[in-house]
Amino acid sequence: AMHNLPISARGHLITGSQDDPLLPQLIQAIEQATCIEVAVSFIQPSGLKLLFEPLSDALKRNASIALLTSDYLSITHPEALRMLLLLAERGACIKVFECKNQISFHLKSYIFTQIQQGTTVFGQAFIGSNNISQTALLAAHEWAWRQEWHPSPWASTEFQRIRQAFNQLLQHPACQPLTNQWLERYQHHYQQQLRTPATATATACDALTAYNVHVFPFEHTEKASPSPIQAEALMA
């Protein structure tokens, strides 16, 4: 299988499915990185469980971790956020992009850098369609492009540009640190979304339920009902 090859022998495009899953490449990159930067719109417990131990090990060896997720459409699972709080307690920077005023957040980016004595010696950025869920990382047809750092002027400049864009986004006013208080508020809102609002159409309810069941089958998601914003997005 493609994922059994060393990174240097693979192409830049990861096509997902069981033939070319992203997960092994993420774990291999985590193990080499001294700096880990991740921005994903949705995180589910099933996917975070696959990455939790490698990320914890990275913190133990004093790697830095900055992870940005979102409350977009209230799809990120509260249990995943609770797991992220454990990483935050161990030194990771965890933030949540608050999607207010119909602003969306749909990134799926994973950036890994190894810095020795202030100089970059290794770097990979995976940018594509994979959120953090077991399905997206192991089985679904998800494409991701691997942008590698290289000492050549173009490659090093392009890689640093990706890192700069991430760090600019991390400082966006909509980004809030993940805390117990923030999680409690989000969990209350998340549970409200599971109740059927009178304003939601049956079609939108079915669409959101199908999305959760098929995209996140390992989460045992309850039958969900969209908020007006979710309904609008699903009916578009």
# chains A, B, ... in the order shown; residues from 1 in each chain; ligands from 1
$ residues_around --residues "segment 141-153 of chain A" --least-positions-apart "4" --cutoff "6 Å" --atoms "only C-alpha atoms" --output "mmCIF file with N, CA and C atoms, in the first residue's frame"
data_model
loop_
_atom_site.group_PDB
_atom_site.id
_atom_site.type_symbol
_atom_site.label_atom_id
_atom_site.label_comp_id
_atom_site.auth_asym_id
_atom_site.auth_seq_id
_atom_site.Cartn_x
_atom_site.Cartn_y
_atom_site.Cartn_z
ATOM 1 N N HIS A 12 3.145 14.002 -4.058
ATOM 2 C CA HIS A 12 2.663 15.094 -3.207
ATOM 3 C C HIS A 12 1.175 14.969 -2.891
ATOM 4 N N LEU A 13 0.421 14.232 -3.698
ATOM 5 C CA LEU A 13 -1.026 14.119 -3.498
ATOM 6 C C LEU A 13 -1.358 12.862 -2.707
ATOM 7 N N ILE A 14 -2.065 13.037 -1.602
ATOM 8 C CA ILE A 14 -2.594 11.913 -0.825
ATOM 9 C C ILE A 14 -4.077 11.816 -1.168
ATOM 10 N N THR A 15 -4.519 10.662 -1.637
ATOM 11 C CA THR A 15 -5.882 10.531 -2.166
ATOM 12 C C THR A 15 -6.858 9.884 -1.196
ATOM 13 N N GLY A 16 -6.389 9.510 -0.012
ATOM 14 C CA GLY A 16 -7.306 8.975 0.978
ATOM 15 C C GLY A 16 -7.739 7.555 0.693
ATOM 16 N N SER A 17 -8.852 7.160 1.281
ATOM 17 C CA SER A 17 -9.384 5.795 1.269
ATOM 18 C C SER A 17 -8.400 4.869 1.968
ATOM 19 N N GLY A 123 10.238 20.193 6.990
ATOM 20 C CA GLY A 123 8.909 20.776 7.039
ATOM 21 C C GLY A 123 7.965 20.121 6.056
ATOM 22 N N GLN A 124 6.741 19.892 6.500
ATOM 23 C CA GLN A 124 5.679 19.381 5.638
ATOM 24 C C GLN A 124 4.373 20.045 6.035
ATOM 25 N N ALA A 125 3.614 20.448 5.030
ATOM 26 C CA ALA A 125 2.272 20.963 5.266
ATOM 27 C C ALA A 125 1.299 20.142 4.424
ATOM 28 N N PHE A 126 0.256 19.623 5.072
ATOM 29 C CA PHE A 126 -0.797 18.865 4.379
ATOM 30 C C PHE A 126 -2.033 19.744 4.339
ATOM 31 N N ILE A 127 -2.469 20.080 3.148
ATOM 32 C CA ILE A 127 -3.613 20.983 2.988
ATOM 33 C C ILE A 127 -4.615 20.310 2.052
ATOM 34 N N GLY A 128 -5.837 20.113 2.535
ATOM 35 C CA GLY A 128 -6.799 19.410 1.696
ATOM 36 C C GLY A 128 -8.196 19.416 2.265
ATOM 37 N N SER A 129 -8.819 18.212 2.324
ATOM 38 C CA SER A 129 -10.225 18.120 2.726
ATOM 39 C C SER A 129 -10.431 17.336 4.008
ATOM 40 N N ASN A 130 -9.354 16.874 4.653
ATOM 41 C CA ASN A 130 -9.479 15.986 5.809
ATOM 42 C C ASN A 130 -9.684 16.746 7.114
ATOM 43 N N THR A 157 10.404 29.640 0.863
ATOM 44 C CA THR A 157 9.525 30.813 0.946
ATOM 45 C C THR A 157 8.069 30.401 0.985
ATOM 46 N N PHE A 159 6.783 27.529 1.959
ATOM 47 C CA PHE A 159 6.465 26.860 3.220
ATOM 48 C C PHE A 159 6.319 27.881 4.350
#
$ residues_around --residues "Phe42 of chain A" --least-positions-apart "5" --cutoff "10 Å" --atoms "only C-alpha atoms" --output "number ranges by chain"
A: 68-77, 80, 105-108, 130-133
$ atom_distance --atom1 "atom CA of Cys93 of chain A" --atom2 "atom CA of Leu59 of chain A"
11.0 Å
$ atom_distance --atom1 "atom CA of His172 of chain A" --atom2 "atom CA of Glu98 of chain A"
10.1 Å
$ select_by_dssp --residues "segment 30-137 of chain A" --states "strand (DSSP E or B)" --output "VMD selection string"
chain A and resid 35 to 40 43 64 to 70 93 to 97 108 to 116 119 to 128 132
$ atom_distance --atom1 "atom CA of Arg161 of chain A" --atom2 "atom CA of Ala66 of chain A"
16.6 Å
$ select_by_dssp --residues "segment 36-162 of chain A" --states "helix (DSSP H, G or I)" --output "ChimeraX atom specification"
/A:45-60,72-74,78-89,134-139,153-162
$ closest_residue --among "A:Ile65, A:Leu86, A:Val38, A:Lys60" --to "Phe166 of chain A" --atoms "only C-alpha atoms"
A:Val38
$ closest_residue --among "A:Pro177, A:Arg163, A:Leu51, A:Pro24" --to "Phe112 of chain A" --atoms "only C-alpha atoms"
A:Arg163
$ closest_residue --among "A:Thr135, A:Gln176, A:Gln181, A:Gln193" --to "Leu50 of chain A" --atoms "only C-alpha atoms"
A:Thr135
$ closest_residue --among "A:Ala88, A:Ala155, A:Leu194, A:Leu23" --to "Phe122 of chain A" --atoms "only C-alpha atoms"
A:Ala155
